[in-house]
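Reviewing the structure listed below.
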Amino acid sequence: MQEHMFMSRIESILSTPIHKAVGAFFLALFAPVAPAMVGLFVLVGIDLIFGAALAIKNNNFSSVRLRSGLSKFMMYPVAIMVVRLGEQQILFAFGKDINYIASFLILYLAITEMVSVLETLAKFGVKIPSPILIFFKKQIETDKIPGK
């Protein structure tokens, strides 16, 4: 009975016009990149689980390292949201629809997470072919960026 009252209260709070407007804003903002974001957060979750398991195995589990891992769950969407808002501003200012910048950001973050998962697996003793690690590490090298 209390569960039903609690859920009905939550539903009434979330059904206000302001909450619907905020929800619609975020839905419209993230809709073009939502499937890629789901994949990215699956990789972040896998990396977090494997990292925690490795830390427990090596007996060096600390809240600071866990906090840095969990901060990805908050910082990645903020970074993607900033890029998506920039894309929208370019659309409004110049009439050019450029949805690929956020996709490139998500791809970069996903490759970074893949490298992290592979490195963690290698620390567990799983044999990862070195060409795979070399390929992924080359994809995220920032010294190849012009002007840097």
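Here's how to read the names in the structure tokens: chain A, B, ... by the order shown, residue numbers from 1 in each chain, ligand numbers from 1 in the order shown.
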
Check chain A with DSSP on the backbone and list each residue it calls helix (DSSP H, G or I), as a ChimeraX atom specification. /A:2-14,17-57,63-94,100-123,130-139

Would you export the selected residues with C-alpha atoms as a short mmCIF file (atom, residue, chain, number, x, y, z; two decimals), in the first residue's frame, please?
data_model
loop_
_atom_site.label_atom_id
_atom_site.label_comp_id
_atom_site.auth_asym_id
_atom_site.auth_seq_id
_atom_site.Cartn_x
_atom_site.Cartn_y
_atom_site.Cartn_z
CA GLN A 2 2.77 2.44 0.91
CA GLU A 3 4.59 1.52 -2.28
CA HIS A 4 1.56 2.46 -4.35
CA MET A 5 1.20 5.80 -2.53
CA PHE A 6 4.89 6.54 -3.02
CA MET A 7 4.77 5.73 -6.74
CA SER A 8 1.62 7.77 -7.28
CA ARG A 9 3.28 10.72 -5.50
CA ILE A 10 6.38 10.41 -7.71
CA GLU A 11 4.18 10.23 -10.82
CA SER A 12 2.28 13.35 -9.77
CA ILE A 13 5.53 15.24 -9.18
CA LEU A 14 7.00 14.19 -12.53
CA PRO A 17 4.42 20.82 -17.01
CA ILE A 18 7.91 22.02 -16.06
CA HIS A 19 9.18 18.47 -15.58
CA LYS A 20 7.65 17.43 -18.89
CA ALA A 21 9.31 20.39 -20.63
CA VAL A 22 12.71 19.61 -19.11
CA GLY A 23 12.34 15.94 -20.05
CA ALA A 24 11.37 16.85 -23.62
CA PHE A 25 14.38 19.19 -23.88
CA PHE A 26 16.84 16.47 -22.85
CA LEU A 27 15.10 13.88 -25.01
CA ALA A 28 15.35 16.13 -28.06
CA LEU A 29 18.95 17.03 -27.23
CA PHE A 30 20.21 13.47 -26.82
CA ALA A 31 17.92 11.68 -29.31
CA PRO A 32 20.39 11.65 -32.25
CA VAL A 33 23.14 10.12 -30.14
CA ALA A 34 21.13 8.08 -27.63
CA PRO A 35 22.03 4.60 -28.99
CA ALA A 36 25.73 5.48 -29.05
CA MET A 37 25.51 6.83 -25.50
CA VAL A 38 23.96 3.58 -24.31
CA GLY A 39 26.88 1.67 -25.83
CA LEU A 40 29.35 4.09 -24.25
CA PHE A 41 27.83 3.68 -20.79
CA VAL A 42 27.84 -0.09 -21.14
CA LEU A 43 31.59 0.15 -21.78
CA VAL A 44 32.02 2.51 -18.81
CA GLY A 45 30.09 0.07 -16.61
CA ILE A 46 32.19 -2.87 -17.79
CA ASP A 47 35.36 -0.87 -17.15
CA LEU A 48 34.13 0.11 -13.68
CA ILE A 49 33.26 -3.48 -12.77
CA PHE A 50 36.55 -4.89 -14.07
CA GLY A 51 38.53 -2.08 -12.43
CA ALA A 52 36.85 -2.69 -9.07
CA ALA A 53 37.44 -6.44 -9.39
CA LEU A 54 41.12 -5.85 -10.19
CA ALA A 55 41.47 -3.46 -7.25
CA ILE A 56 39.89 -6.01 -4.90
CA LYS A 57 42.14 -8.74 -6.32
CA SER A 63 37.33 5.39 -2.61
CA VAL A 64 39.38 7.97 -4.53
CA ARG A 65 39.89 5.63 -7.49
CA LEU A 66 36.26 4.50 -7.36
CA ARG A 67 35.13 8.14 -7.31
CA SER A 68 37.19 8.91 -10.40
CA GLY A 69 35.61 5.94 -12.15
CA LEU A 70 32.13 6.95 -11.13
CA SER A 71 32.72 10.54 -12.19
CA LYS A 72 32.76 9.32 -15.80
CA PHE A 73 29.05 8.62 -15.46
CA MET A 74 28.50 12.33 -14.76
CA MET A 75 31.21 13.97 -16.87
CA TYR A 76 30.62 12.11 -20.12
CA PRO A 77 26.96 13.18 -20.44
CA VAL A 78 27.91 16.77 -19.55
CA ALA A 79 30.59 16.83 -22.24
CA ILE A 80 28.22 15.30 -24.79
CA MET A 81 25.48 17.76 -23.82
CA VAL A 82 27.85 20.73 -24.29
CA VAL A 83 28.82 19.46 -27.74
CA ARG A 84 25.17 18.83 -28.68
CA LEU A 85 24.24 22.35 -27.55
CA GLY A 86 27.07 23.71 -29.70
CA GLU A 87 25.78 21.72 -32.65
CA GLN A 88 22.32 23.19 -32.09
CA GLN A 89 23.73 26.72 -31.95
CA ILE A 90 25.52 26.15 -35.27
CA LEU A 91 22.24 24.87 -36.72
CA PHE A 92 20.35 27.97 -35.54
CA ALA A 93 23.08 30.43 -36.56
CA PHE A 94 24.16 29.00 -39.91
CA TYR A 100 28.56 14.28 -36.29
CA ILE A 101 30.68 16.20 -33.75
CA ALA A 102 28.91 14.55 -30.79
CA SER A 103 29.18 11.20 -32.57
CA PHE A 104 32.94 11.66 -32.92
CA LEU A 105 33.21 12.59 -29.24
CA ILE A 106 31.27 9.48 -28.24
CA LEU A 107 33.44 7.37 -30.55
CA TYR A 108 36.60 8.80 -28.98
CA LEU A 109 35.29 8.14 -25.46
CA ALA A 110 34.22 4.62 -26.45
CA ILE A 111 37.66 3.81 -27.87
CA THR A 112 39.24 5.16 -24.69
CA GLU A 113 36.99 2.91 -22.61
CA MET A 114 37.77 -0.09 -24.84
CA VAL A 115 41.50 0.45 -24.30
CA SER A 116 40.91 0.70 -20.56
CA VAL A 117 38.88 -2.54 -20.53
CA LEU A 118 41.54 -4.35 -22.59
CA GLU A 119 44.34 -3.10 -20.33
CA THR A 120 42.42 -4.23 -17.25
CA LEU A 121 41.84 -7.64 -18.80
CA ALA A 122 45.56 -7.85 -19.58
CA LYS A 123 46.32 -7.13 -15.91
CA SER A 130 49.40 -6.71 -28.92
CA PRO A 131 48.29 -5.48 -32.39
CA ILE A 132 44.81 -4.88 -30.94
CA LEU A 133 46.12 -2.75 -28.08
CA ILE A 134 48.49 -0.90 -30.40
CA PHE A 135 45.64 -0.17 -32.83
CA PHE A 136 43.37 1.25 -30.14
CA LYS A 137 46.15 3.27 -28.52
CA LYS A 138 47.00 4.82 -31.90
CA GLN A 139 43.38 5.89 -32.27
#
